[in-house]
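The file structure_32.txt contains compact mmCIF, C-alpha atoms:
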```txt
# COMPACT_ATOMS: atom_id res chain seq x y z
CA MET A 38 2.19 132.39 127.87
CA LYS A 39 1.96 134.75 124.93
CA ALA A 40 4.15 137.59 123.70
CA VAL A 41 3.60 140.17 120.99
CA HIS A 42 6.74 141.60 119.45
CA PHE A 43 6.73 144.51 116.99
CA GLY A 44 9.60 144.15 114.55
CA ALA A 45 10.42 140.84 112.87
CA GLY A 46 13.83 141.96 111.67
CA ASN A 47 17.19 140.47 112.62
CA ILE A 48 17.30 142.05 116.09
CA GLY A 49 13.70 141.09 116.85
CA ARG A 50 14.20 137.47 115.80
CA GLY A 51 17.84 137.11 116.79
CA PHE A 52 17.79 138.77 120.20
CA ILE A 53 14.40 139.54 121.75
CA GLY A 54 12.74 136.53 120.15
CA GLU A 55 15.42 134.20 121.49
CA ILE A 56 14.94 135.37 125.08
CA LEU A 57 11.15 135.27 124.89
CA ASN A 58 11.32 131.77 123.39
CA HIS A 59 13.77 130.65 126.10
CA ASN A 60 11.21 131.80 128.68
CA GLY A 61 8.50 129.66 127.12
CA TYR A 62 6.51 132.31 125.27
CA ALA A 63 4.55 131.76 122.09
CA ILE A 64 5.54 134.80 120.03
CA THR A 65 3.48 136.77 117.53
CA PHE A 66 5.83 138.88 115.45
CA VAL A 67 4.24 142.02 113.98
CA ASP A 68 5.81 143.59 110.90
CA VAL A 69 5.02 144.93 107.42
CA ASN A 70 7.54 142.65 105.69
CA ASP A 71 5.28 140.17 103.87
CA THR A 72 8.09 137.71 103.11
CA ILE A 73 9.10 137.34 106.74
CA ILE A 74 5.55 137.34 108.10
CA GLU A 75 4.37 134.67 105.67
CA ALA A 76 7.42 132.53 106.42
CA LEU A 77 6.73 132.80 110.16
CA LYS A 78 3.10 131.82 109.63
CA THR A 79 3.98 128.88 107.40
CA ARG A 80 6.91 127.44 109.32
CA GLY A 81 6.23 128.45 112.91
CA GLY A 82 9.93 128.59 113.72
CA TYR A 83 13.39 129.66 112.59
CA THR A 84 17.10 129.20 113.28
CA ILE A 85 19.59 131.48 115.04
CA GLU A 86 23.33 130.88 114.56
CA LEU A 87 26.00 132.24 116.87
CA ALA A 88 28.72 134.13 115.03
CA ASP A 89 31.76 132.49 116.61
CA GLU A 90 33.89 129.39 116.10
CA SER A 91 31.17 127.15 117.52
CA ARG A 92 28.54 128.12 114.91
CA LYS A 93 26.02 126.87 117.46
CA GLN A 94 22.47 126.84 116.12
CA ILE A 95 19.43 127.62 118.26
CA GLN A 96 15.97 126.59 117.12
CA ILE A 97 13.15 129.02 117.91
CA GLU A 98 9.70 127.43 117.89
CA ASN A 99 6.07 128.32 118.52
CA VAL A 100 6.07 131.59 116.60
CA THR A 101 3.79 133.21 114.06
CA GLY A 102 3.46 136.55 112.31
CA LEU A 103 0.96 139.30 111.56
CA ASN A 104 1.18 142.14 109.06
CA ASN A 105 0.07 145.25 110.96
CA ALA A 106 -0.73 147.06 107.71
CA LYS A 107 -3.13 144.34 106.60
CA GLU A 108 -4.20 142.55 109.78
CA ALA A 109 -4.74 145.31 112.31
CA GLU A 110 -7.74 143.64 113.94
CA LYS A 111 -5.78 140.44 114.51
CA VAL A 112 -2.91 142.47 116.01
CA VAL A 113 -5.35 144.10 118.43
CA GLU A 114 -6.66 140.66 119.42
CA ALA A 115 -3.10 139.41 119.92
CA ILE A 116 -2.41 142.37 122.25
CA VAL A 117 -5.57 141.55 124.19
CA GLU A 118 -4.30 138.00 124.77
CA ALA A 119 -0.66 138.91 125.39
CA ASP A 120 1.23 138.61 128.68
CA ILE A 121 4.06 140.88 127.48
CA LEU A 122 4.65 143.23 124.54
CA THR A 123 8.05 144.23 123.17
CA THR A 124 9.39 146.25 120.24
CA ALA A 125 12.59 146.37 118.17
CA ILE A 126 11.64 148.50 115.18
CA GLY A 127 13.77 151.63 115.41
CA PRO A 128 13.04 154.86 117.34
CA ASN A 129 11.55 156.63 114.32
CA ILE A 130 8.94 153.91 113.79
CA LEU A 131 7.58 153.85 117.35
CA PRO A 132 4.99 156.60 116.70
CA ARG A 133 3.62 154.59 113.77
CA ILE A 134 2.63 151.64 115.95
CA ALA A 135 1.33 153.73 118.86
CA GLN A 136 -2.27 153.86 117.65
CA LEU A 137 -2.44 150.10 117.14
CA ILE A 138 -1.05 149.50 120.63
CA ALA A 139 -3.58 151.99 122.00
CA GLU A 140 -6.38 150.05 120.30
CA GLY A 141 -5.12 146.87 121.94
CA ILE A 142 -5.08 148.55 125.36
CA LYS A 143 -8.61 149.87 124.82
CA ALA A 144 -9.76 146.36 123.92
CA ARG A 145 -8.18 144.98 127.09
CA ALA A 146 -9.98 147.64 129.09
CA ALA A 147 -13.30 146.90 127.37
CA ARG A 148 -12.96 143.23 128.42
CA ASN A 149 -11.95 144.25 131.93
CA ILE A 150 -8.65 142.37 131.76
CA GLN A 151 -6.98 143.17 135.05
CA GLN A 152 -3.80 141.22 134.38
CA PRO A 153 -1.08 143.88 134.15
CA ILE A 154 1.08 143.97 131.01
CA ASP A 155 4.47 145.56 130.41
CA ILE A 156 5.32 147.15 127.08
CA ILE A 157 9.09 147.29 126.63
CA ALA A 158 10.68 149.24 123.78
CA CYS A 159 13.99 147.50 123.07
CA GLU A 160 15.34 150.32 120.97
CA ASN A 161 18.70 152.00 120.52
CA MET A 162 17.60 155.12 122.38
CA ILE A 163 17.36 156.57 125.86
CA GLY A 164 13.85 156.33 127.34
CA GLY A 165 12.32 154.35 124.49
CA SER A 166 9.44 152.91 126.49
CA THR A 167 8.67 156.28 128.09
CA PHE A 168 8.61 157.83 124.63
CA LEU A 169 6.30 155.10 123.35
CA LYS A 170 3.98 155.59 126.32
CA GLU A 171 3.52 159.26 125.46
CA GLU A 172 2.83 158.35 121.83
CA VAL A 173 0.27 155.74 122.86
CA LYS A 174 -1.44 158.21 125.21
CA LYS A 175 -2.10 160.51 122.26
CA HIS A 176 -4.58 157.91 121.02
CA CYS A 177 -6.30 157.32 124.37
CA THR A 178 -9.11 159.63 125.48
CA ASP A 179 -9.19 157.91 128.88
CA THR A 180 -5.85 156.81 130.33
CA ALA A 181 -7.15 155.40 133.63
CA TYR A 182 -6.84 151.76 132.52
CA LEU A 183 -3.42 152.37 130.93
CA ASP A 184 -2.11 154.04 134.08
CA ALA A 185 -3.41 151.22 136.27
CA TYR A 186 -2.55 148.11 134.30
CA VAL A 187 0.06 148.94 131.64
CA GLY A 188 3.73 149.41 132.46
CA PHE A 189 6.25 151.02 130.13
CA PRO A 190 9.62 150.17 131.72
CA ASP A 191 12.60 151.59 129.87
CA ALA A 192 15.30 149.19 128.74
CA ALA A 193 18.90 149.02 127.56
CA VAL A 194 19.69 146.35 124.99
CA ASP A 195 23.01 145.29 123.56
CA ARG A 196 23.75 142.69 120.90
CA ILE A 197 25.50 143.08 117.56
CA VAL A 198 23.30 141.73 114.80
CA PRO A 199 24.93 142.74 111.50
CA MET A 200 23.13 143.28 108.23
CA GLN A 201 22.99 139.96 106.40
CA GLN A 202 21.41 138.16 103.48
CA HIS A 203 20.51 134.48 103.46
CA ALA A 204 18.51 132.20 101.19
CA ASP A 205 16.33 131.50 104.21
CA PRO A 206 14.65 134.84 105.10
CA LEU A 207 14.24 133.79 108.75
CA PHE A 208 17.79 132.57 109.40
CA VAL A 209 19.80 135.07 111.46
CA GLN A 210 23.36 135.24 112.75
CA VAL A 211 24.10 137.05 116.01
CA GLU A 212 27.12 137.59 118.22
CA PRO A 213 27.24 135.35 121.33
CA PHE A 214 27.16 138.31 123.73
CA SER A 215 23.85 139.89 124.69
CA GLU A 216 22.62 142.17 127.45
CA TRP A 217 19.05 143.27 128.18
CA VAL A 218 18.50 145.49 131.23
CA VAL A 219 15.03 146.67 132.31
CA GLN A 220 13.98 149.27 134.88
CA GLY A 221 12.19 146.97 137.27
CA THR A 222 10.59 149.76 139.30
CA ALA A 223 8.52 150.81 136.26
CA CYS A 224 7.09 147.32 135.65
CA LYS A 225 3.40 146.71 136.32
CA SER A 226 3.52 143.00 135.56
CA PRO A 227 5.10 140.50 137.99
CA ILE A 228 6.75 138.73 135.01
CA ARG A 229 10.53 138.56 135.26
CA LEU A 230 12.30 137.07 132.24
CA GLU A 231 15.31 134.82 132.67
CA GLY A 232 18.19 136.38 130.73
CA VAL A 233 17.03 139.92 131.54
CA ALA A 234 18.50 142.02 134.36
CA TYR A 235 15.96 144.12 136.29
CA VAL A 236 17.45 147.13 138.07
CA ASN A 237 16.13 150.00 140.19
CA ASP A 238 18.06 152.69 138.32
CA LEU A 239 18.46 152.07 134.62
CA GLU A 240 20.19 155.32 133.64
CA PRO A 241 23.77 154.25 134.54
CA TYR A 242 23.41 151.13 132.39
CA ILE A 243 21.83 153.02 129.50
CA GLU A 244 24.65 155.57 129.50
CA ARG A 245 27.33 152.90 129.92
CA LYS A 246 25.99 151.11 126.85
CA LEU A 247 25.40 154.28 124.82
CA PHE A 248 28.74 155.90 125.63
CA SER A 249 30.75 152.68 125.34
CA VAL A 250 29.21 150.27 122.83
CA ASN A 251 27.38 152.79 120.62
CA THR A 252 30.05 155.48 120.82
CA GLY A 253 32.74 152.85 120.26
CA HIS A 254 31.03 151.10 117.35
CA ALA A 255 30.43 154.40 115.60
CA THR A 256 34.01 155.49 116.28
CA VAL A 257 35.28 152.38 114.49
CA ALA A 258 32.90 153.06 111.60
CA TYR A 259 33.88 156.68 111.02
CA THR A 260 37.59 156.10 111.63
CA GLY A 261 37.47 153.05 109.40
CA ALA A 262 35.65 154.96 106.66
CA LEU A 263 38.39 157.59 106.78
CA GLN A 264 40.93 154.83 106.17
CA GLY A 265 38.90 153.41 103.28
CA TYR A 266 37.56 150.25 104.92
CA GLU A 267 34.12 148.85 104.16
CA THR A 268 33.49 146.58 107.17
CA ILE A 269 34.01 146.83 110.92
CA ASP A 270 36.11 143.67 111.12
CA GLU A 271 38.45 144.99 108.39
CA ALA A 272 38.82 148.31 110.19
CA MET A 273 39.57 146.56 113.49
CA GLN A 274 42.67 145.01 111.94
CA ASP A 275 44.14 148.49 111.63
CA ASN A 276 46.07 149.56 114.74
CA LEU A 277 45.21 153.23 114.13
CA VAL A 278 41.50 152.42 114.30
CA VAL A 279 41.93 150.35 117.47
CA ILE A 280 44.00 153.08 119.11
CA GLN A 281 41.32 155.67 118.31
CA LEU A 282 38.63 153.35 119.65
CA ARG A 283 40.48 152.61 122.88
CA SER A 284 41.27 156.30 123.40
CA VAL A 285 37.62 157.32 122.94
CA LEU A 286 36.43 154.59 125.30
CA HIS A 287 38.89 155.69 127.97
CA GLU A 288 37.53 159.24 127.65
CA THR A 289 33.91 158.17 127.99
CA GLY A 290 35.01 155.77 130.74
CA LYS A 291 36.32 158.70 132.79
CA LEU A 292 32.88 160.27 132.58
CA LEU A 293 30.99 157.09 133.47
CA ILE A 294 33.23 156.36 136.45
CA ALA A 295 32.99 159.93 137.73
CA LYS A 296 29.24 160.23 137.14
CA TRP A 297 27.93 156.82 138.16
CA GLY A 298 30.64 155.35 140.36
CA PHE A 299 31.47 152.36 138.16
CA ASP A 300 34.52 150.49 139.43
CA ALA A 301 37.52 151.59 137.36
CA ALA A 302 39.06 148.12 137.08
CA GLU A 303 35.73 146.53 136.13
CA HIS A 304 35.07 149.22 133.56
CA GLU A 305 38.49 148.61 132.02
CA LYS A 306 37.47 144.94 131.59
CA TYR A 307 34.21 146.14 130.04
CA ILE A 308 36.16 148.25 127.52
CA GLU A 309 38.39 145.33 126.57
CA LYS A 310 35.34 143.09 126.12
CA ILE A 311 33.81 145.64 123.75
CA ILE A 312 37.03 145.82 121.73
CA GLY A 313 37.07 142.02 121.52
CA ARG A 314 33.45 142.00 120.32
CA PHE A 315 34.26 144.45 117.52
CA GLN A 316 37.24 142.28 116.52
CA ASN A 317 35.04 139.20 116.09
CA LYS A 318 36.14 137.85 112.71
CA TYR A 319 32.88 135.93 112.35
CA ILE A 320 30.87 139.16 112.13
CA SER A 321 31.27 141.25 109.00
CA ASP A 322 29.27 144.38 109.71
CA ALA A 323 29.12 147.05 107.02
CA ILE A 324 30.57 150.42 107.99
CA SER A 325 27.76 152.03 105.98
CA ARG A 326 25.22 150.45 108.37
CA VAL A 327 26.97 151.51 111.57
CA ALA A 328 27.80 155.01 110.30
CA ARG A 329 24.37 155.80 108.82
CA THR A 330 22.24 158.76 110.00
CA PRO A 331 25.16 161.01 111.05
CA LEU A 332 22.81 163.93 111.81
CA ARG A 333 21.07 161.89 114.49
CA LYS A 334 24.37 160.68 115.91
CA LEU A 335 25.56 164.30 116.22
CA GLY A 336 22.52 165.23 118.31
CA ASN A 337 22.90 166.97 121.67
CA HIS A 338 21.86 163.89 123.68
CA GLU A 339 23.58 161.34 121.49
CA ARG A 340 26.72 159.19 121.71
CA PHE A 341 29.35 161.79 120.84
CA ILE A 342 28.14 165.25 121.77
CA ARG A 343 26.68 164.49 125.19
CA PRO A 344 29.71 162.73 126.71
CA MET A 345 32.02 165.29 125.11
CA VAL A 346 30.11 168.20 126.68
CA GLU A 347 29.81 166.49 130.06
CA LEU A 348 33.54 165.75 130.11
CA THR A 349 34.34 169.43 129.56
CA GLN A 350 32.07 170.21 132.50
CA ILE A 351 34.34 168.17 134.78
CA ASP A 352 37.45 169.83 133.31
CA GLU A 353 38.41 166.94 131.05
CA MET A 354 39.24 167.80 127.44
CA PRO A 355 38.11 164.85 125.28
CA PHE A 356 40.53 165.26 122.37
CA HIS A 357 39.73 161.90 120.78
CA LEU A 358 35.97 162.38 120.97
CA LEU A 359 36.43 165.76 119.31
CA GLU A 360 38.51 164.12 116.58
CA THR A 361 35.79 161.57 115.94
CA ILE A 362 33.14 164.28 115.81
CA GLY A 363 35.25 165.94 113.12
CA MET A 364 35.19 162.68 111.16
CA VAL A 365 31.40 162.36 111.55
CA PHE A 366 30.80 165.82 110.08
CA ASN A 367 32.90 164.80 107.09
CA TYR A 368 31.52 161.31 106.56
CA PHE A 369 29.63 160.92 103.29
CA ASP A 370 27.64 158.02 101.92
CA PRO A 371 25.67 158.90 98.76
CA GLU A 372 23.05 156.29 99.73
CA ASP A 373 22.38 157.92 103.11
CA GLU A 374 19.83 160.76 103.09
CA GLN A 375 21.23 162.34 106.24
CA CYS A 376 24.72 162.45 104.74
CA GLN A 377 23.35 164.33 101.76
CA GLU A 378 21.33 166.62 104.01
CA LEU A 379 24.31 167.44 106.23
CA LYS A 380 26.53 168.21 103.25
CA GLU A 381 23.89 170.50 101.73
CA MET A 382 23.39 172.28 105.05
CA ILE A 383 27.12 173.00 105.34
CA LEU A 384 27.33 174.22 101.75
CA GLN A 385 24.30 176.50 102.10
CA LYS A 386 24.65 177.86 105.63
CA GLY A 387 28.32 177.51 106.44
CA LEU A 388 30.16 175.34 108.92
CA ASP A 389 29.90 177.60 111.99
CA LYS A 390 26.13 177.86 111.87
CA ILE A 391 25.59 174.17 111.13
CA ILE A 392 27.79 172.94 113.98
CA THR A 393 25.69 174.99 116.40
CA GLU A 394 22.42 173.97 114.77
CA VAL A 395 23.18 170.24 114.64
CA THR A 396 24.83 169.81 118.04
CA GLY A 397 22.80 172.32 120.05
CA ILE A 398 26.00 173.64 121.63
CA ASP A 399 26.42 177.36 122.40
CA ASN A 400 29.77 177.24 124.20
CA GLN A 401 32.17 179.09 121.91
CA LYS A 402 35.29 177.27 123.12
CA ILE A 403 33.73 173.86 122.43
CA LEU A 404 32.36 175.04 119.08
CA GLY A 405 35.83 176.24 118.14
CA SER A 406 37.33 172.85 119.02
CA ILE A 407 34.70 171.04 116.95
CA LYS A 408 35.26 173.34 113.97
CA GLN A 409 39.01 172.78 114.20
CA ASN A 410 38.52 169.02 114.01
CA VAL A 411 35.92 169.22 111.22
CA GLU A 412 38.42 171.21 109.17
CA LYS A 413 41.19 168.79 110.12
CA TYR A 414 39.26 165.90 108.58
CA ALA A 415 37.63 167.85 105.75
CA TYR A 416 38.36 165.31 103.06
CA LYS A 417 34.89 165.09 101.52
CA VAL A 418 33.13 168.36 102.24
CA ALA A 419 33.35 170.68 99.25
```

Target encoding C-alpha cells, full file:
Amino acid sequence: MKAVHFGAGNIGRGFIGEILNHNGYAITFVDVNDTIIEALKTRGGYTIELADESRKQIQIENVTGLNNAKEAEKVVEAIVEADILTTAIGPNILPRIAQLIAEGIKARAARNIQQPIDIIACENMIGGSTFLKEEVKKHCTDTAYLDAYVGFPDAAVDRIVPMQQHADPLFVQVEPFSEWVVQGTACKSPIRLEGVAYVNDLEPYIERKLFSVNTGHATVAYTGALQGYETIDEAMQDNLVVIQLRSVLHETGKLLIAKWGFDAAEHEKYIEKIIGRFQNKYISDAISRVARTPLRKLGNHERFIRPMVELTQIDEMPFHLLETIGMVFNYFDPEDEQCQELKEMILQKGLDKIITEVTGIDNQKILGSIKQNVEKYAYKVA
C-alpha cells in the first residue's frame, strides 16, 4: 500500500508519518526542503523519539521523498499510484499544492483508475479538506471523476511537536499523546487506518480541540509572554499562568458542554489532561512559535473570538477569554510579520477601528469589553 504525504516537516514525519507507517504504508513525502527530501531518499527511514521519561524510539521505514518544485511529474505519478493522500503543510500553503494534486487526479482519471482515494488535510484549521477540495477544483475543467472517486474528509489532529534542531535532519521528538479524528461519512475509500477515529459528525471534535487545546496552548503563550517567559514549559511553572489557562478552559468548556452535549465530568478530565500535556518537562516549546500570527488567531472563527462571542450568546460573560484577547492584541515579536502589521494598524487607524476590523465583531458591548482589556494589558503598544 502506498501513501503520498505533502509536508515532510516535524508534524508530517512525527505524527502522520508514524500512523501511516504503523498501518503498513510505503510513504512518499513531498516537500520543497532539499535537505530533508534528499535524506529521505538516501536513507529510506528515520527515528521518532517520545518526549517523556521513557525516551522510547520508533523507527519509521519504507519512506522516500520528492521535491514538488523540481519533481512535479514524479509527484503526479506518485499520486496516480497512491492509496491515500494526506497533508500537514499549514493552511496557507494548501492552495499552492492544489494544482499538483489536480494533475494527479486528472492522471488517475486518464488511466481509468476506479479505486477511490481519500485526500485528508491534517491541518490546524476547521474544514481543511473541504477547503483543499475547492482549491483543487479550480484546476479541474471536468470534476466528474473527482466527485465520483476522490473523497476529501475533514479531520481534526492533535499532537504537540515543538520546534527543534538536531544534527540528524530527520530525527523528530513528539509528545506521547496523539489524536486524529476523520469524518468517516465523507470518505470515498474503504480504507480505515488503525490509530484514527472515524466519526459521523466531526464538528464537535474539531471545536473541542480548537477551543481547548489550541485556545489553551495560545493562552499559555500570551500569558507567559506577558510574564517574560520564553518557553511553554517555563510558563507552566508559574501558578498565575496555570490559573489563567484553567479559567479559560473552563469557560470554553461551558460552551462545548452546552453546544455539543459533552459529559461535564469527562470534559473536566479532558481539561486536566491538556494541562498535564502543557506541563510536560520533556517538551520545550518556544512561546514565539505558539504565539505567532496573532492576526490570524484573532479572526472571527478562530480560537479566542468565536468561543467568546458564542458564550455571550448563551448569557455567559467570558472574562478570562476577554483578558487573553487583550494580551493577544498587545503581544509583540519583532520577528513576526503579523505582530508588526497589527501594531502598525493600531498606530495608523486607532484601536476602536482595528478591533472591529480584525475580529469582525459589531456588538458594541463586546467591543467595549475587548477594548477595556486591550488597554489593561497595553504594555507594548505605543

Might you pull out every residue within 12 Å of A:Ile311, with all atoms listed in the file counted and same-chain residues fewer than 6 positions away left off, and present them as a compact mmCIF listing (two decimals) with C-alpha atoms, in the frame of the given file?
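Ended up saving to result.txt:
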```txt
# COMPACT_ATOMS: atom_id res chain seq x y z
CA ASP A 195 23.01 145.29 123.56
CA ARG A 196 23.75 142.69 120.90
CA ILE A 197 25.50 143.08 117.56
CA GLU A 212 27.12 137.59 118.22
CA PHE A 214 27.16 138.31 123.73
CA SER A 215 23.85 139.89 124.69
CA ARG A 245 27.33 152.90 129.92
CA LYS A 246 25.99 151.11 126.85
CA PHE A 248 28.74 155.90 125.63
CA SER A 249 30.75 152.68 125.34
CA VAL A 250 29.21 150.27 122.83
CA ASN A 251 27.38 152.79 120.62
CA THR A 252 30.05 155.48 120.82
CA GLY A 253 32.74 152.85 120.26
CA HIS A 254 31.03 151.10 117.35
CA VAL A 257 35.28 152.38 114.49
CA MET A 273 39.57 146.56 113.49
CA VAL A 279 41.93 150.35 117.47
CA LEU A 282 38.63 153.35 119.65
CA ARG A 283 40.48 152.61 122.88
CA LEU A 286 36.43 154.59 125.30
CA HIS A 304 35.07 149.22 133.56
CA GLU A 305 38.49 148.61 132.02
CA ASN A 317 35.04 139.20 116.09
```

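Here the question is which of A:Ile163, A:Leu292, A:Val285, A:Leu122 gets nearest to A:Ile228 using all atoms listed in the file, and that residue is A:Leu122.
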
**Request:** In the coordinates of the file, take the point (15.6, 138.4, 118.2) and a cut-off of 12 Å; then, counting only C-alpha atoms, name each qualifying protein, DNA or RNA residue as an NGL selection string.
**Result:** :A and (42-59 or 64 or 66 or 83-86 or 95-97 or 100 or 123-126 or 159 or 194-198 or 207-212 or 215 or 217)

Output the selection as a compact mmCIF listing (two decimals), keeping the file's coordinate frame - C-alpha atoms for each residue.
```
# COMPACT_ATOMS: atom_id res chain seq x y z
CA HIS A 42 6.74 141.60 119.45
CA PHE A 43 6.73 144.51 116.99
CA GLY A 44 9.60 144.15 114.55
CA ALA A 45 10.42 140.84 112.87
CA GLY A 46 13.83 141.96 111.67
CA ASN A 47 17.19 140.47 112.62
CA ILE A 48 17.30 142.05 116.09
CA GLY A 49 13.70 141.09 116.85
CA ARG A 50 14.20 137.47 115.80
CA GLY A 51 17.84 137.11 116.79
CA PHE A 52 17.79 138.77 120.20
CA ILE A 53 14.40 139.54 121.75
CA GLY A 54 12.74 136.53 120.15
CA GLU A 55 15.42 134.20 121.49
CA ILE A 56 14.94 135.37 125.08
CA LEU A 57 11.15 135.27 124.89
CA ASN A 58 11.32 131.77 123.39
CA HIS A 59 13.77 130.65 126.10
CA ILE A 64 5.54 134.80 120.03
CA PHE A 66 5.83 138.88 115.45
CA TYR A 83 13.39 129.66 112.59
CA THR A 84 17.10 129.20 113.28
CA ILE A 85 19.59 131.48 115.04
CA GLU A 86 23.33 130.88 114.56
CA ILE A 95 19.43 127.62 118.26
CA GLN A 96 15.97 126.59 117.12
CA ILE A 97 13.15 129.02 117.91
CA VAL A 100 6.07 131.59 116.60
CA THR A 123 8.05 144.23 123.17
CA THR A 124 9.39 146.25 120.24
CA ALA A 125 12.59 146.37 118.17
CA ILE A 126 11.64 148.50 115.18
CA CYS A 159 13.99 147.50 123.07
CA VAL A 194 19.69 146.35 124.99
CA ASP A 195 23.01 145.29 123.56
CA ARG A 196 23.75 142.69 120.90
CA ILE A 197 25.50 143.08 117.56
CA VAL A 198 23.30 141.73 114.80
CA LEU A 207 14.24 133.79 108.75
CA PHE A 208 17.79 132.57 109.40
CA VAL A 209 19.80 135.07 111.46
CA GLN A 210 23.36 135.24 112.75
CA VAL A 211 24.10 137.05 116.01
CA GLU A 212 27.12 137.59 118.22
CA SER A 215 23.85 139.89 124.69
CA TRP A 217 19.05 143.27 128.18
```

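Distances from A:Ala323, A:Gln152, A:Ile157, A:Lys143 to A:Ala181 were compared using all atoms listed in the file, and the smallest one belongs to A:Lys143.
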
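Here the question is which of A:Thr396, A:Glu118, A:Ile362, A:Glu378 gets nearest to A:Gln409 using only C-alpha atoms, and that residue is A:Ile362.
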
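Between A:Leu263 and the residues A:Leu277, A:Ala119, A:Ala234, A:Val67, the shortest atom-to-atom distance, using all atoms listed in the file, involves A:Leu277.
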
Using all atoms listed in the file, find each residue of stretch 214-293 of chain A with at least one atom at most 12 Å away from an atom of stretch 366-376 of chain A; report its shortest atom-to-atom pair and that distance in Å (one decimal), sort the rows by chain and rising residue number, and return the result as JSON lines.
```
{"residue": "A:Ala255", "atom": "CA", "partner": "A:Tyr368", "partner_atom": "CA", "distance": 11.4}
{"residue": "A:Thr256", "atom": "CA", "partner": "A:Tyr368", "partner_atom": "CA", "distance": 11.6}
{"residue": "A:Ala258", "atom": "CA", "partner": "A:Tyr368", "partner_atom": "CA", "distance": 9.8}
{"residue": "A:Tyr259", "atom": "CA", "partner": "A:Tyr368", "partner_atom": "CA", "distance": 6.8}
{"residue": "A:Thr260", "atom": "CA", "partner": "A:Tyr368", "partner_atom": "CA", "distance": 9.5}
{"residue": "A:Gly261", "atom": "CA", "partner": "A:Tyr368", "partner_atom": "CA", "distance": 10.6}
{"residue": "A:Ala262", "atom": "CA", "partner": "A:Tyr368", "partner_atom": "CA", "distance": 7.6}
{"residue": "A:Leu263", "atom": "CA", "partner": "A:Tyr368", "partner_atom": "CA", "distance": 7.8}
{"residue": "A:Gln264", "atom": "CA", "partner": "A:Tyr368", "partner_atom": "CA", "distance": 11.4}
{"residue": "A:Gly265", "atom": "CA", "partner": "A:Tyr368", "partner_atom": "CA", "distance": 11.3}
{"residue": "A:Glu267", "atom": "CA", "partner": "A:Asp370", "partner_atom": "CA", "distance": 11.4}
```

Taking every listed atom of stretch 71-85 of chain A and adding 8 Å to each side, what centre and edge lengths in Å (one decimal) does the axis-aligned box have, as JSON?
```
{"center_x": 11.3, "center_y": 133.8, "center_z": 109.1, "size_x": 32.5, "size_y": 28.7, "size_z": 27.9}
```

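Between atom CA of A:Ile130 and atom CA of A:Met364 there is a distance of 27.8 Å.
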
Can you tell me which residues surround A:Val411 at a distance of at most 12 Å, considering all atoms listed in the file, apart from same-chain residues fewer than 6 positions away, and format the answer as an mmCIF file with C-alpha atoms, in the frame of the given file?
```cif
data_model
loop_
_atom_site.group_PDB
_atom_site.id
_atom_site.type_symbol
_atom_site.label_atom_id
_atom_site.label_comp_id
_atom_site.auth_asym_id
_atom_site.auth_seq_id
_atom_site.Cartn_x
_atom_site.Cartn_y
_atom_site.Cartn_z
ATOM 1 C CA LEU A 358 35.970 162.380 120.970
ATOM 2 C CA LEU A 359 36.430 165.760 119.310
ATOM 3 C CA GLU A 360 38.510 164.120 116.580
ATOM 4 C CA THR A 361 35.790 161.570 115.940
ATOM 5 C CA ILE A 362 33.140 164.280 115.810
ATOM 6 C CA GLY A 363 35.250 165.940 113.120
ATOM 7 C CA MET A 364 35.190 162.680 111.160
ATOM 8 C CA VAL A 365 31.400 162.360 111.550
ATOM 9 C CA PHE A 366 30.800 165.820 110.080
ATOM 10 C CA ASN A 367 32.900 164.800 107.090
ATOM 11 C CA TYR A 368 31.520 161.310 106.560
ATOM 12 C CA ILE A 383 27.120 173.000 105.340
ATOM 13 C CA LEU A 388 30.160 175.340 108.920
ATOM 14 C CA ASP A 389 29.900 177.600 111.990
ATOM 15 C CA ILE A 391 25.590 174.170 111.130
ATOM 16 C CA ILE A 392 27.790 172.940 113.980
ATOM 17 C CA LEU A 404 32.360 175.040 119.080
ATOM 18 C CA GLY A 405 35.830 176.240 118.140
ATOM 19 C CA LYS A 417 34.890 165.090 101.520
ATOM 20 C CA VAL A 418 33.130 168.360 102.240
#
```

**Request:** Quick one: everything within 12 Å of A:Leu137, counting only C-alpha atoms, minus sequence neighbours fewer than 2 positions away in the same chain. Send it as a PyMOL selection string.
**Result:** chain A and resi 43+67+104-106+108-117+131-135+139-144+169+172-177

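Using all atoms listed in the file, the shortest contact distance between A:Lys390 and any of A:Arg340, A:Lys408, A:Gln201, A:Asp275 is found at A:Lys408.
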
**Message:** So that I can see what lies close to A:Trp297, please list as a ChimeraX atom specification the residues with an atom at most 10 Å from it, counting all atoms listed in the file and leaving out residues fewer than 6 positions away in the same chain.
**Reply:** /A:240-242,244-245

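Here atom CA of A:Leu103 and atom CA of A:Gly81 stand 12.1 Å from one another.
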
**Message:** Set the distance at 10 Å and use all atoms listed in the file: which residues neighbour A:Ile351 once local chain neighbours fewer than 6 positions away are removed? I'd like the list as a ChimeraX atom specification.
**Reply:** /A:291-292,295-296

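The shortest atom-to-atom distance to A:Ala415, with only C-alpha atoms taken into account, belongs to A:Lys380 out of A:Arg229, A:Lys380, A:Gly336, A:Asp89.
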
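Atom to atom, atom CA of A:Gly397 and atom CA of A:Asn337 stand 5.6 Å apart.
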